[in-house]
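**Q** Next up, start-v5.csv (CSV, C-alpha atoms).
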```csv
chain,number,residue,atom,x,y,z
A,24,MET,CA,-12.7,9.7,-16.2
A,25,ASN,CA,-14.5,6.4,-16.0
A,26,THR,CA,-12.6,3.3,-17.3
A,27,LEU,CA,-13.7,-0.1,-18.4
A,28,ILE,CA,-10.9,-2.7,-18.9
A,29,HIS,CA,-12.0,-5.8,-20.7
A,30,SER,CA,-10.7,-9.0,-22.4
A,31,VAL,CA,-8.5,-9.8,-19.4
A,32,ARG,CA,-8.1,-12.5,-16.8
A,33,VAL,CA,-9.7,-10.8,-13.7
A,34,VAL,CA,-8.2,-12.1,-10.4
A,35,SER,CA,-9.4,-10.7,-7.1
A,36,ALA,CA,-10.2,-11.8,-3.6
A,37,LEU,CA,-13.6,-10.8,-2.3
A,38,PRO,CA,-14.6,-9.4,1.1
A,39,ALA,CA,-17.0,-12.3,1.4
A,40,GLY,CA,-17.1,-15.6,-0.4
A,41,PRO,CA,-14.6,-17.2,-2.8
A,42,ALA,CA,-12.1,-15.3,-4.9
A,43,ILE,CA,-12.9,-14.6,-8.5
A,44,ASP,CA,-10.8,-15.8,-11.4
A,45,LEU,CA,-12.5,-14.9,-14.6
A,46,ALA,CA,-10.8,-16.0,-17.9
A,47,ASP,CA,-12.6,-13.4,-20.1
A,48,GLY,CA,-13.4,-10.7,-17.6
A,49,TRP,CA,-13.9,-7.0,-17.3
A,50,VAL,CA,-14.0,-4.4,-14.6
A,51,HIS,CA,-15.8,-1.0,-14.7
A,52,LEU,CA,-14.2,1.8,-12.7
A,53,ALA,CA,-16.4,4.9,-12.2
A,54,GLY,CA,-16.3,7.8,-9.9
A,55,GLY,CA,-13.2,6.6,-8.1
A,56,ARG,CA,-14.9,3.3,-7.2
A,57,VAL,CA,-15.5,-0.2,-8.6
A,58,ARG,CA,-18.9,-0.1,-10.4
A,59,ALA,CA,-19.2,-3.6,-11.8
A,60,VAL,CA,-17.4,-6.8,-12.7
A,61,GLY,CA,-18.4,-9.2,-15.4
A,62,THR,CA,-17.4,-11.6,-18.1
A,63,GLY,CA,-17.7,-11.9,-21.9
A,64,ASP,CA,-19.3,-9.2,-24.0
A,65,ALA,CA,-21.6,-7.8,-21.3
A,66,TRP,CA,-19.1,-4.9,-20.8
A,67,ARG,CA,-20.5,-3.4,-24.0
A,68,HIS,CA,-23.8,-2.6,-22.2
A,69,ALA,CA,-22.1,-1.5,-18.9
A,70,ARG,CA,-20.1,1.5,-20.2
A,71,ASP,CA,-21.2,5.1,-20.3
A,72,ASP,CA,-20.6,7.6,-23.1
A,73,ASP,CA,-17.7,9.1,-21.1
A,74,THR,CA,-16.0,5.8,-20.4
A,75,ARG,CA,-12.5,5.1,-21.6
A,76,VAL,CA,-12.5,1.5,-22.9
A,77,VAL,CA,-9.3,-0.5,-22.5
A,78,ASP,CA,-8.8,-3.7,-24.4
A,79,GLY,CA,-6.5,-5.5,-21.9
A,80,THR,CA,-5.2,-8.1,-24.3
A,81,ALA,CA,-4.4,-5.4,-26.9
A,82,GLU,CA,-2.6,-3.4,-24.2
A,83,ALA,CA,-0.7,-6.2,-22.4
A,84,GLY,CA,-0.7,-9.0,-24.8
A,85,PRO,CA,-1.7,-12.7,-24.4
A,86,GLY,CA,-2.1,-13.6,-20.7
A,87,ALA,CA,-3.2,-10.1,-19.7
A,88,THR,CA,-4.4,-10.1,-16.1
A,89,LEU,CA,-6.2,-7.4,-14.1
A,90,THR,CA,-5.9,-7.4,-10.3
A,91,PRO,CA,-6.8,-4.9,-7.6
A,92,GLY,CA,-4.1,-2.4,-6.7
A,93,LEU,CA,-1.5,-3.8,-4.4
A,94,VAL,CA,-1.4,-2.9,-0.6
A,95,ASP,CA,1.9,-2.9,1.2
A,96,ILE,CA,1.7,-2.4,4.9
A,97,HIS,CA,5.4,-2.6,5.6
A,98,ASN,CA,7.6,-0.4,3.4
A,99,HIS,CA,10.5,1.9,4.3
A,100,GLY,CA,11.1,3.5,0.9
A,101,GLY,CA,12.3,3.3,-2.6
A,102,ALA,CA,13.7,5.3,-5.6
A,103,GLY,CA,16.8,6.1,-3.4
A,104,CYS,CA,14.7,7.7,-0.7
A,105,SER,CA,13.5,6.7,2.7
A,106,PHE,CA,10.2,7.7,4.4
A,107,ASP,CA,12.1,9.5,7.1
A,108,ASP,CA,13.9,11.8,4.6
A,109,GLY,CA,11.2,14.5,4.3
A,110,LEU,CA,8.1,15.1,2.2
A,111,ASP,CA,9.8,15.0,-1.2
A,112,ALA,CA,11.4,11.7,-0.4
A,113,VAL,CA,8.0,10.3,0.7
A,114,ALA,CA,6.5,11.4,-2.6
A,115,ALA,CA,9.4,9.9,-4.7
A,116,ALA,CA,9.4,6.6,-2.9
A,117,ALA,CA,5.6,6.3,-3.1
A,118,ALA,CA,5.6,7.1,-6.8
A,119,ALA,CA,8.2,4.5,-7.5
A,120,HIS,CA,6.1,1.8,-5.8
A,121,ARG,CA,2.9,3.0,-7.4
A,122,ALA,CA,4.5,2.7,-10.8
A,123,ASP,CA,5.0,-1.0,-10.1
A,124,GLY,CA,1.4,-1.5,-8.9
A,125,THR,CA,1.4,-0.6,-5.2
A,126,THR,CA,-1.5,1.9,-4.9
A,127,ARG,CA,-1.8,1.9,-1.1
A,128,LEU,CA,1.1,1.7,1.4
A,129,VAL,CA,2.0,2.3,5.0
A,130,ALA,CA,5.2,4.4,5.5
A,131,SER,CA,7.4,2.4,7.9
A,132,LEU,CA,9.9,4.1,10.2
A,133,VAL,CA,12.8,2.5,12.0
A,134,SER,CA,13.8,3.0,15.6
A,135,ALA,CA,14.8,6.4,16.6
A,136,PRO,CA,14.5,8.8,19.6
A,137,VAL,CA,10.8,9.6,20.2
A,138,ALA,CA,11.3,13.3,19.5
A,139,LEU,CA,12.8,12.5,16.1
A,140,LEU,CA,10.0,10.0,15.4
A,141,ARG,CA,7.4,12.7,16.2
A,142,ASP,CA,9.0,14.9,13.6
A,143,GLN,CA,9.0,12.1,11.0
A,144,LEU,CA,5.4,11.3,11.8
A,145,ALA,CA,4.4,14.9,11.2
A,146,THR,CA,5.8,14.6,7.7
A,147,ILE,CA,3.9,11.4,7.2
A,148,ALA,CA,0.7,13.1,8.3
A,149,LEU,CA,1.3,15.8,5.8
A,150,ALA,CA,1.9,13.2,3.1
A,151,CYS,CA,-1.4,11.5,4.0
A,152,ARG,CA,-3.2,14.8,3.3
A,153,ARG,CA,-1.3,15.7,0.1
A,154,LEU,CA,-0.4,12.4,-1.6
A,155,PRO,CA,-2.8,9.7,-2.7
A,156,GLY,CA,-2.3,6.2,-1.4
A,157,ILE,CA,-0.4,6.9,1.9
A,158,LEU,CA,-2.4,5.1,4.6
A,159,GLY,CA,-0.4,6.3,7.6
A,160,ALA,CA,2.7,5.2,9.4
A,161,HIS,CA,4.1,2.0,10.8
A,162,LEU,CA,6.5,2.4,13.7
A,163,GLU,CA,8.8,-0.6,13.5
A,164,GLY,CA,10.3,0.3,16.9
A,165,PRO,CA,11.7,1.6,19.1
A,166,PHE,CA,10.1,-0.9,21.5
A,167,LEU,CA,12.1,-3.9,20.2
A,168,SER,CA,14.3,-6.5,21.8
A,169,PRO,CA,18.1,-5.8,21.6
A,170,LEU,CA,18.6,-9.5,21.1
A,171,HIS,CA,16.8,-9.2,17.8
A,172,ALA,CA,17.5,-5.7,16.7
A,173,GLY,CA,18.3,-6.6,13.1
A,174,ALA,CA,19.0,-3.4,11.2
A,175,HIS,CA,17.8,-1.1,14.0
A,176,ALA,CA,20.3,0.9,15.9
A,177,PRO,CA,20.6,-0.8,19.4
A,178,GLU,CA,21.1,2.5,21.2
A,179,ALA,CA,17.6,3.6,19.9
A,180,LEU,CA,15.8,0.7,21.5
A,181,VAL,CA,13.7,1.5,24.7
A,182,ARG,CA,11.1,-0.2,26.8
A,183,PRO,CA,7.5,0.9,26.2
A,184,THR,CA,6.1,3.4,28.7
A,185,PRO,CA,3.0,5.6,28.5
A,186,GLU,CA,5.3,8.6,28.5
A,187,LEU,CA,7.0,7.4,25.3
A,188,ILE,CA,4.0,5.8,23.6
A,189,ASP,CA,1.4,8.5,24.1
A,190,PRO,CA,3.3,11.3,22.2
A,191,LEU,CA,3.6,9.0,19.2
A,192,LEU,CA,0.0,8.0,19.2
A,193,GLU,CA,-1.1,11.6,19.6
A,194,THR,CA,0.2,12.4,16.1
A,195,GLY,CA,-2.9,10.6,14.8
A,196,VAL,CA,-1.0,9.0,12.0
A,197,VAL,CA,0.3,5.7,13.5
A,198,ARG,CA,-1.7,2.9,11.9
A,199,GLN,CA,0.6,0.0,13.1
A,200,MET,CA,3.3,-0.4,15.8
A,201,THR,CA,5.7,-3.3,16.1
A,202,ILE,CA,6.5,-4.3,19.7
A,203,ALA,CA,8.5,-7.0,21.5
A,204,PRO,CA,6.0,-8.3,24.1
A,205,GLU,CA,8.6,-9.6,26.5
A,206,LEU,CA,9.8,-6.1,27.4
A,207,ASP,CA,8.9,-4.7,30.8
A,208,GLY,CA,5.6,-3.0,30.5
A,209,ALA,CA,4.9,-4.3,27.0
A,210,GLN,CA,1.6,-6.2,27.8
A,211,ALA,CA,0.0,-3.1,29.2
A,212,ALA,CA,1.4,-1.0,26.3
A,213,ILE,CA,-0.2,-3.4,23.8
A,214,ALA,CA,-3.6,-2.9,25.4
A,215,ARG,CA,-3.0,0.9,25.5
A,216,ILE,CA,-2.0,1.0,21.8
A,217,VAL,CA,-4.9,-1.2,20.7
A,218,ALA,CA,-7.4,1.0,22.7
A,219,HIS,CA,-6.2,3.9,20.7
A,220,GLY,CA,-7.2,2.1,17.5
A,221,THR,CA,-3.7,1.2,16.3
A,222,VAL,CA,-2.8,-2.3,15.1
A,223,VAL,CA,-0.1,-3.9,17.2
A,224,ALA,CA,2.3,-6.3,15.6
A,225,ILE,CA,4.7,-8.7,17.4
A,226,GLY,CA,8.2,-8.5,16.1
A,227,HIS,CA,11.9,-8.1,16.7
A,228,THR,CA,11.3,-10.3,19.8
A,229,HIS,CA,12.7,-13.0,22.0
A,230,SER,CA,9.2,-14.0,23.1
A,231,ASP,CA,8.4,-17.6,23.9
A,232,ALA,CA,5.0,-19.1,23.1
A,233,ALA,CA,3.3,-18.1,26.4
A,234,THR,CA,4.4,-14.5,26.1
A,235,ALA,CA,3.2,-14.3,22.5
A,236,ARG,CA,-0.1,-15.8,23.5
A,237,ALA,CA,-0.5,-13.2,26.3
A,238,ALA,CA,0.3,-10.4,23.7
A,239,ILE,CA,-2.4,-11.7,21.4
A,240,ASP,CA,-4.9,-11.8,24.3
A,241,ALA,CA,-3.9,-8.2,25.0
A,242,GLY,CA,-4.8,-7.3,21.5
A,243,ALA,CA,-1.9,-7.9,19.1
A,244,THR,CA,-3.2,-9.1,15.8
A,245,LEU,CA,-0.2,-9.2,13.5
A,246,VAL,CA,3.3,-10.6,13.2
A,247,THR,CA,6.1,-8.5,11.7
A,248,HIS,CA,8.0,-10.3,8.9
A,249,ALA,CA,7.3,-13.8,10.3
A,250,PHE,CA,10.3,-15.9,11.1
A,251,ASN,CA,12.7,-13.0,10.8
A,252,ALA,CA,14.1,-11.3,14.0
A,253,MET,CA,12.4,-13.8,16.4
A,254,LEU,CA,13.0,-17.3,17.8
A,255,PRO,CA,12.6,-20.1,15.3
A,256,LEU,CA,9.6,-22.5,15.2
A,257,HIS,CA,10.6,-25.6,17.1
A,258,HIS,CA,8.5,-28.7,17.7
A,259,ARG,CA,8.6,-28.3,21.5
A,260,ALA,CA,8.8,-24.5,21.5
A,261,PRO,CA,6.5,-23.0,18.9
A,262,GLY,CA,7.4,-19.4,19.6
A,263,VAL,CA,5.6,-16.5,18.0
A,264,VAL,CA,5.1,-18.1,14.6
A,265,GLY,CA,3.7,-21.3,16.0
A,266,VAL,CA,1.2,-19.5,18.3
A,267,ALA,CA,0.2,-17.1,15.5
A,268,LEU,CA,-0.4,-19.9,13.0
A,269,ALA,CA,-2.7,-21.6,15.5
A,270,ASP,CA,-4.7,-18.5,16.4
A,271,PRO,CA,-7.3,-17.2,13.9
A,272,ARG,CA,-7.1,-13.7,15.4
A,273,VAL,CA,-3.6,-13.2,14.0
A,274,MET,CA,-2.2,-12.4,10.6
A,275,LEU,CA,1.4,-12.8,9.6
A,276,GLU,CA,3.6,-10.7,7.3
A,277,ALA,CA,5.8,-12.6,4.9
A,278,ILE,CA,8.5,-11.1,2.6
A,279,PRO,CA,8.5,-13.0,-0.7
A,280,ASP,CA,12.0,-12.4,-2.0
A,281,GLY,CA,13.6,-15.8,-1.5
A,282,VAL,CA,16.1,-14.1,0.9
A,283,HIS,CA,14.1,-13.4,4.1
A,284,LEU,CA,12.2,-16.7,3.7
A,285,HIS,CA,13.1,-20.0,1.9
A,286,ASP,CA,10.5,-20.6,-0.8
A,287,ASP,CA,9.4,-23.8,1.0
A,288,VAL,CA,8.8,-21.8,4.2
A,289,LEU,CA,6.8,-19.2,2.2
A,290,GLY,CA,4.6,-22.0,0.8
A,291,LEU,CA,4.2,-23.5,4.2
A,292,LEU,CA,3.0,-20.2,5.7
A,293,LEU,CA,0.4,-19.8,2.9
A,294,ARG,CA,-0.8,-23.4,3.2
A,295,ALA,CA,-1.0,-23.2,7.0
A,296,ALA,CA,-2.9,-19.9,7.1
A,297,PRO,CA,-4.2,-19.2,3.6
A,298,ASP,CA,-6.4,-16.3,4.7
A,299,ARG,CA,-4.0,-14.8,7.2
A,300,VAL,CA,-0.8,-14.1,5.4
A,301,ALA,CA,0.0,-10.6,4.1
A,302,LEU,CA,2.8,-10.2,1.7
A,303,VAL,CA,5.0,-7.2,2.4
A,304,THR,CA,8.2,-5.8,0.9
A,305,ASP,CA,10.0,-4.3,4.0
A,306,ALA,CA,11.5,-2.3,1.1
A,307,MET,CA,14.2,0.2,1.8
A,308,ALA,CA,15.6,3.0,-0.3
A,309,ALA,CA,17.3,0.7,-2.8
A,310,ALA,CA,13.9,-0.6,-4.1
A,311,THR,CA,13.6,0.2,-7.8
A,312,CYS,CA,17.3,1.1,-7.8
A,313,GLY,CA,20.5,-0.8,-8.2
A,314,ASP,CA,23.3,-2.1,-6.0
A,315,GLY,CA,25.2,0.5,-4.0
A,316,ALA,CA,25.5,2.3,-0.7
A,317,TYR,CA,22.4,3.5,1.2
A,318,ARG,CA,21.1,4.4,4.6
A,319,LEU,CA,18.3,2.9,6.7
A,320,GLY,CA,17.6,5.2,9.6
A,321,GLY,CA,21.1,6.0,10.8
A,322,GLN,CA,22.6,2.7,9.7
A,323,GLU,CA,24.8,2.3,6.7
A,324,VAL,CA,23.6,-0.4,4.2
A,325,GLU,CA,25.3,-2.1,1.3
A,326,VAL,CA,23.2,-3.6,-1.5
A,327,ARG,CA,24.9,-6.4,-3.5
A,328,GLU,CA,23.1,-8.5,-6.0
A,329,GLY,CA,19.9,-7.0,-4.8
A,330,VAL,CA,20.3,-8.0,-1.2
A,331,ALA,CA,20.5,-5.3,1.4
A,332,ARG,CA,22.7,-5.8,4.5
A,333,LEU,CA,24.2,-3.6,7.2
A,334,ARG,CA,27.6,-2.6,5.9
A,335,GLY,CA,30.3,-5.0,7.1
A,336,SER,CA,27.9,-7.6,8.4
A,337,ASP,CA,25.5,-10.4,7.3
A,338,THR,CA,22.5,-8.7,8.9
A,339,ILE,CA,19.7,-8.2,6.4
A,340,ALA,CA,18.5,-4.6,6.3
A,341,GLY,CA,15.1,-4.7,4.6
A,342,SER,CA,14.7,-5.6,1.0
A,343,THR,CA,14.9,-4.2,-2.5
A,344,LEU,CA,11.5,-5.6,-3.4
A,345,THR,CA,8.5,-4.0,-5.0
A,346,LEU,CA,5.3,-5.9,-4.2
A,347,ALA,CA,4.9,-6.7,-7.9
A,348,ALA,CA,8.3,-8.4,-7.9
A,349,GLY,CA,7.2,-10.3,-4.8
A,350,ILE,CA,4.1,-11.5,-6.6
A,351,ARG,CA,6.2,-12.8,-9.5
A,352,HIS,CA,8.5,-14.6,-7.1
A,353,ALA,CA,5.7,-16.2,-5.1
A,354,ALA,CA,3.8,-17.3,-8.2
A,355,ALA,CA,7.0,-18.8,-9.7
A,356,THR,CA,7.3,-21.1,-6.7
A,357,GLY,CA,3.9,-22.6,-7.6
A,358,ILE,CA,1.6,-20.8,-5.3
A,359,PRO,CA,-1.7,-20.2,-7.2
A,360,LEU,CA,-2.0,-16.7,-8.5
A,361,PRO,CA,-5.4,-16.0,-6.8
A,362,GLN,CA,-3.9,-16.8,-3.4
A,363,VAL,CA,-0.8,-14.7,-4.1
A,364,VAL,CA,-3.0,-11.7,-5.2
A,365,ALA,CA,-5.2,-12.0,-2.2
A,366,ALA,CA,-2.1,-11.9,0.1
A,367,ALA,CA,-1.0,-8.7,-1.6
A,368,THR,CA,-4.3,-6.9,-1.8
A,369,LEU,CA,-7.3,-7.7,0.4
A,370,LEU,CA,-5.5,-9.5,3.2
A,371,PRO,CA,-3.0,-6.7,4.1
A,372,ALA,CA,-5.8,-4.2,3.9
A,373,ARG,CA,-7.7,-6.4,6.4
A,374,ALA,CA,-4.7,-6.7,8.6
A,375,LEU,CA,-4.7,-2.9,8.8
A,376,ARG,CA,-8.4,-2.7,9.3
A,377,ALA,CA,-8.6,-0.6,6.1
A,378,ARG,CA,-12.0,-0.8,4.5
A,379,SER,CA,-13.1,-0.7,0.9
A,380,MET,CA,-9.8,-1.5,-0.7
A,381,GLY,CA,-7.9,-4.5,-2.1
A,382,ALA,CA,-10.8,-6.1,-4.0
A,383,PHE,CA,-13.0,-5.8,-7.1
A,384,ALA,CA,-16.2,-5.4,-5.2
A,385,PRO,CA,-18.8,-2.8,-6.0
A,386,GLY,CA,-18.1,0.4,-4.0
A,387,TYR,CA,-14.5,-0.5,-3.3
A,388,ILE,CA,-11.8,2.0,-4.2
A,389,ALA,CA,-11.0,2.0,-7.9
A,390,ASP,CA,-7.4,0.8,-7.7
A,391,ALA,CA,-6.3,-1.7,-10.4
A,392,VAL,CA,-3.2,-3.2,-12.0
A,393,LEU,CA,-2.9,-4.5,-15.6
A,394,TRP,CA,-0.2,-7.2,-16.0
A,395,ASP,CA,1.2,-8.9,-19.0
A,396,GLY,CA,1.6,-12.7,-19.3
A,397,SER,CA,4.9,-12.5,-17.5
A,398,LEU,CA,3.4,-10.6,-14.6
A,399,ASN,CA,5.1,-7.3,-15.5
A,400,VAL,CA,3.0,-4.3,-14.6
A,401,ARG,CA,1.7,-2.5,-17.7
A,402,GLU,CA,-0.7,0.1,-16.3
A,403,VAL,CA,-1.9,1.2,-12.9
A,404,TRP,CA,-5.1,2.9,-11.8
A,405,GLN,CA,-5.3,4.7,-8.5
A,406,ASP,CA,-8.7,6.1,-7.5
A,407,GLY,CA,-9.8,5.3,-11.0
A,408,ARG,CA,-7.0,7.5,-12.6
A,409,SER,CA,-4.4,5.9,-14.8
A,410,GLY,CA,-0.8,6.7,-14.0
A,411,GLY,CA,2.0,4.1,-13.8
A,412,GLY,CA,3.5,1.1,-15.4
A,413,ILE,CA,6.9,-0.2,-16.2
A,414,HIS,CA,9.5,2.3,-15.1
A,415,PRO,CA,13.2,2.6,-15.7
A,416,ARG,CA,15.5,1.3,-13.0
A,417,ARG,CA,17.0,4.2,-11.0
A,418,ARG,CA,20.6,4.6,-10.1
A,419,ALA,CA,21.7,3.9,-6.6
A,420,ARG,CA,22.2,7.0,-4.4
A,421,ASP,CA,25.5,7.0,-2.6
A,422,VAL,CA,25.6,8.1,1.0
```
Take the structure from the file and write it as structure tokens.
**A**
Amino acid sequence: MNTLIHSVRVVSALPAGPAIDLADGWVHLAGGRVRAVGTGDAWRHARDDDTRVVDGTAEAGPGATLTPGLVDIHNHGGAGCSFDDGLDAVAAAAAAHRADGTTRLVASLVSAPVALLRDQLATIALACRRLPGILGAHLEGPFLSPLHAGAHAPEALVRPTPELIDPLLETGVVRQMTIAPELDGAQAAIARIVAHGTVVAIGHTHSDAATARAAIDAGATLVTHAFNAMLPLHHRAPGVVGVALADPRVMLEAIPDGVHLHDDVLGLLLRAAPDRVALVTDAMAAATCGDGAYRLGGQEVEVREGVARLRGSDTIAGSTLTLAAGIRHAAATGIPLPQVVAAATLLPARALRARSMGAFAPGYIADAVLWDGSLNVREVWQDGRSGGGIHPRRRARDV
């Protein structure tokens, strides 16, 4: 069914030129694509006879806003499920995030033996064929520094060799791989992975600035959850973050939950690289659920007051965010909504080299989110089909 949503504030980045922020806007979705965008009453002449017409203000109240569907390129699960738990778990987690506005996501997997990762990637490949919105897999390991393992099991970490990398890439579903570039063989591995067409992210690393710069020259174009699990930015030792901020070839992930990053640091990132920050959730199974006991890979995790940590430690173990909650948090810090929306839609799609998504531009995928004046999700369209909105919080699943 074709849909035309009108009488809303339309906010969207554009693939070229400035973002749009239309006070009395409308968007026409037809044939699974964006057909047209406009303002005022011109929508009356844009609709077809078979078009469902949605009055955004009537549906979402004063302050109703329409944005493209959200794109999360770093997400481990939700609804009590992880993306390494099998096809049903992938479907449940993706549906929970879709209900809160995330229409495209990358299924992230934590470090594990390569044979196990191959099995998990086979499930993700099946999910990509059967479920809408799954863009592929992100391997956040096992090629990480043991000095910055975070919530990854230290015994699963290995150095990158062709014998380990190639079987993973041959699954055809790995869209992104995080790697610590100071590991033996890492620079050659980065070039090998990039040549395969997979995005390489620098993360969980003890790299200094020179090593990070060499990794970027080898083809790395992304930083996994900037500032977390890496050396800090120092005025005489800029490290990964300092090098990435100064290099226009690189985008940086940021987790906008007020836990992984201080709000001032989040604002600093977005001011320093306004077109190169991708908001991500790094969500784990507890997203859309409550406090309780969970697992992340083989690690036991305790969630208290919405913060996930390895049981018995202070180590953060992903987040309980949805990307919509991250948008609310970032906007509440004073970051302009058009910039926040761009960082959760077009920019992460660009970081992944995913085309025709994340913007209200003619021919782009017809993903859209209708928000109320408090930035709660009221309705979600994926490929032009409605299905999603505010959902009940799910109970925590005990391990």
**Q** Using all atoms listed in the file, which residue out of A:Gly226, A:Gly195, A:Gly208, A:Gly40 lies closest to A:Glu163?
**A**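 Answer, going by the shortest atom-to-atom distance: A:Gly226.
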**Q** Just checking: using all atoms listed in the file, which residue out of A:Ile239, A:Leu302, A:Val246, A:Ala135 ends up closest to A:Leu191?
**A**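 Comparing A:Ile239, A:Leu302, A:Val246, A:Ala135 against A:Leu191, the winner is A:Ala135.
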**Q** Record the distance separating atom CA of A:Phe383 and atom CA of A:Ala130, expressed in Å with one decimal.
**A**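 One can read the atom CA of A:Phe383 to atom CA of A:Ala130 distance as 24.4 Å.
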**Q** With all atoms listed in the file as the counted atoms, please give the residues lying no more than 10 Å from A:Ala172, apart from itself and same-chain residues fewer than 3 positions off, as a short mmCIF file (atom, residue, chain, number, x, y, z; two decimals) with C-alpha atoms, in the coordinates of the input.
**A**
```cif
data_model
loop_
_atom_site.label_atom_id
_atom_site.label_comp_id
_atom_site.auth_asym_id
_atom_site.auth_seq_id
_atom_site.Cartn_x
_atom_site.Cartn_y
_atom_site.Cartn_z
CA SER A 134 13.80 3.00 15.60
CA GLY A 164 10.30 0.30 16.90
CA PRO A 165 11.70 1.60 19.10
CA LEU A 167 12.10 -3.90 20.20
CA SER A 168 14.30 -6.50 21.80
CA PRO A 169 18.10 -5.80 21.60
CA HIS A 175 17.80 -1.10 14.00
CA ALA A 176 20.30 0.90 15.90
CA PRO A 177 20.60 -0.80 19.40
CA ALA A 179 17.60 3.60 19.90
CA LEU A 180 15.80 0.70 21.50
CA GLY A 226 8.20 -8.50 16.10
CA HIS A 227 11.90 -8.10 16.70
CA THR A 228 11.30 -10.30 19.80
CA ALA A 252 14.10 -11.30 14.00
CA MET A 253 12.40 -13.80 16.40
CA THR A 338 22.50 -8.70 8.90
#
```
**Q** Which residue gives the smallest distance to A:Gly381 among A:Gln405, A:Ser35, A:Gln322, A:Ser342, with all atoms listed in the file counted?
**A**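 Among A:Gln405, A:Ser35, A:Gln322, A:Ser342, it is A:Ser35 that comes nearest to A:Gly381.
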**Q** From the list A:Thr345, A:Thr90, A:Thr80, A:Thr244, which residue is nearest A:Leu45 when using all atoms listed in the file?
**A** A:Thr90
**Q** Which residues are near A:Ser230? Cut-off 8 Å, all atoms listed in the file, ignore same chain within fewer than 6 positions. Put them as a ChimeraX atom specification.
**A** /A:203-205,253-254,262-263
**Q** Using C-alpha atoms, can you export the residues from the last selection as a PDB file, in the coordinates of the input?
**A**
```pdb
ATOM      1  CA  ALA A 203       8.500  -7.000  21.500  1.00  0.00           C
ATOM      2  CA  PRO A 204       6.000  -8.300  24.100  1.00  0.00           C
ATOM      3  CA  GLU A 205       8.600  -9.600  26.500  1.00  0.00           C
ATOM      4  CA  MET A 253      12.400 -13.800  16.400  1.00  0.00           C
ATOM      5  CA  LEU A 254      13.000 -17.300  17.800  1.00  0.00           C
ATOM      6  CA  GLY A 262       7.400 -19.400  19.600  1.00  0.00           C
ATOM      7  CA  VAL A 263       5.600 -16.500  18.000  1.00  0.00           C
TER       8      VAL A 263
END
```
**Q** Determine, counting all atoms listed in the file, every residue of protein, DNA or RNA that lies within 12 Å of (19.6, -5.0, -0.4) in the file coordinates, then give the result as a ChimeraX atom specification.
**A** /A:101,103,174,280,282-283,304-319,323-334,337-344,419
**Q** So that I can see what lies close to A:Met200, please list as a PyMOL selection string the residues with an atom at most 7 Å from it, counting all atoms listed in the file and leaving out residues fewer than 4 positions away in the same chain.
**A** chain A and resi 161-163+222-224
**Q** As an exercise, work out the distance from atom CA of A:Arg294 to atom CA of A:Ala391 in Å and give it to one decimal place.
**A**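 Atom-to-atom, atom CA of A:Arg294 and atom CA of A:Ala391 are spaced 26.2 Å apart.
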**Q** At a cut-off of 9 Å, using only C-alpha atoms, what residues contact stretch 146-151 of chain A? Leave out same-chain residues fewer than 2 positions from it and give the result as a list in words.
**A**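 The contact residues come out as Phe106, Asp107, Gly109, Leu110, Val113, Ala114, Ala130, Arg141, Asp142, Gln143, Leu144, Arg153, Leu154, Pro155, Gly156, Ile157, Leu158, Gly159, Ala160, Thr194, Gly195 and Val196 of chain A.
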**Q** Rebuild stretch 357-366 of chain A to N, CA and C atoms - output it as a PDB file, in the coordinates of the input, please.
**A**
```
ATOM      1  N   GLY A 357       5.056 -21.718  -7.460  1.00  0.00           N
ATOM      2  CA  GLY A 357       3.900 -22.600  -7.600  1.00  0.00           C
ATOM      3  C   GLY A 357       2.702 -22.278  -6.799  1.00  0.00           C
ATOM      4  N   ILE A 358       2.755 -21.198  -6.037  1.00  0.00           N
ATOM      5  CA  ILE A 358       1.600 -20.800  -5.300  1.00  0.00           C
ATOM      6  C   ILE A 358       0.547 -20.240  -6.271  1.00  0.00           C
ATOM      7  N   PRO A 359      -0.707 -20.682  -6.211  1.00  0.00           N
ATOM      8  CA  PRO A 359      -1.700 -20.200  -7.200  1.00  0.00           C
ATOM      9  C   PRO A 359      -1.847 -18.716  -7.180  1.00  0.00           C
ATOM     10  N   LEU A 360      -1.968 -18.141  -8.373  1.00  0.00           N
ATOM     11  CA  LEU A 360      -2.000 -16.700  -8.500  1.00  0.00           C
ATOM     12  C   LEU A 360      -3.151 -16.067  -7.684  1.00  0.00           C
ATOM     13  N   PRO A 361      -4.369 -16.622  -7.666  1.00  0.00           N
ATOM     14  CA  PRO A 361      -5.400 -16.000  -6.800  1.00  0.00           C
ATOM     15  C   PRO A 361      -5.022 -15.876  -5.368  1.00  0.00           C
ATOM     16  N   GLN A 362      -4.309 -16.871  -4.840  1.00  0.00           N
ATOM     17  CA  GLN A 362      -3.900 -16.800  -3.400  1.00  0.00           C
ATOM     18  C   GLN A 362      -2.809 -15.750  -3.248  1.00  0.00           C
ATOM     19  N   VAL A 363      -1.874 -15.669  -4.192  1.00  0.00           N
ATOM     20  CA  VAL A 363      -0.800 -14.700  -4.100  1.00  0.00           C
ATOM     21  C   VAL A 363      -1.425 -13.267  -4.169  1.00  0.00           C
ATOM     22  N   VAL A 364      -2.353 -13.057  -5.091  1.00  0.00           N
ATOM     23  CA  VAL A 364      -3.000 -11.700  -5.200  1.00  0.00           C
ATOM     24  C   VAL A 364      -3.734 -11.362  -3.965  1.00  0.00           C
ATOM     25  N   ALA A 365      -4.479 -12.298  -3.399  1.00  0.00           N
ATOM     26  CA  ALA A 365      -5.200 -12.000  -2.200  1.00  0.00           C
ATOM     27  C   ALA A 365      -4.243 -11.565  -1.064  1.00  0.00           C
ATOM     28  N   ALA A 366      -3.080 -12.217  -0.985  1.00  0.00           N
ATOM     29  CA  ALA A 366      -2.100 -11.900   0.100  1.00  0.00           C
ATOM     30  C   ALA A 366      -1.409 -10.589  -0.145  1.00  0.00           C
TER      31      ALA A 366
END
```
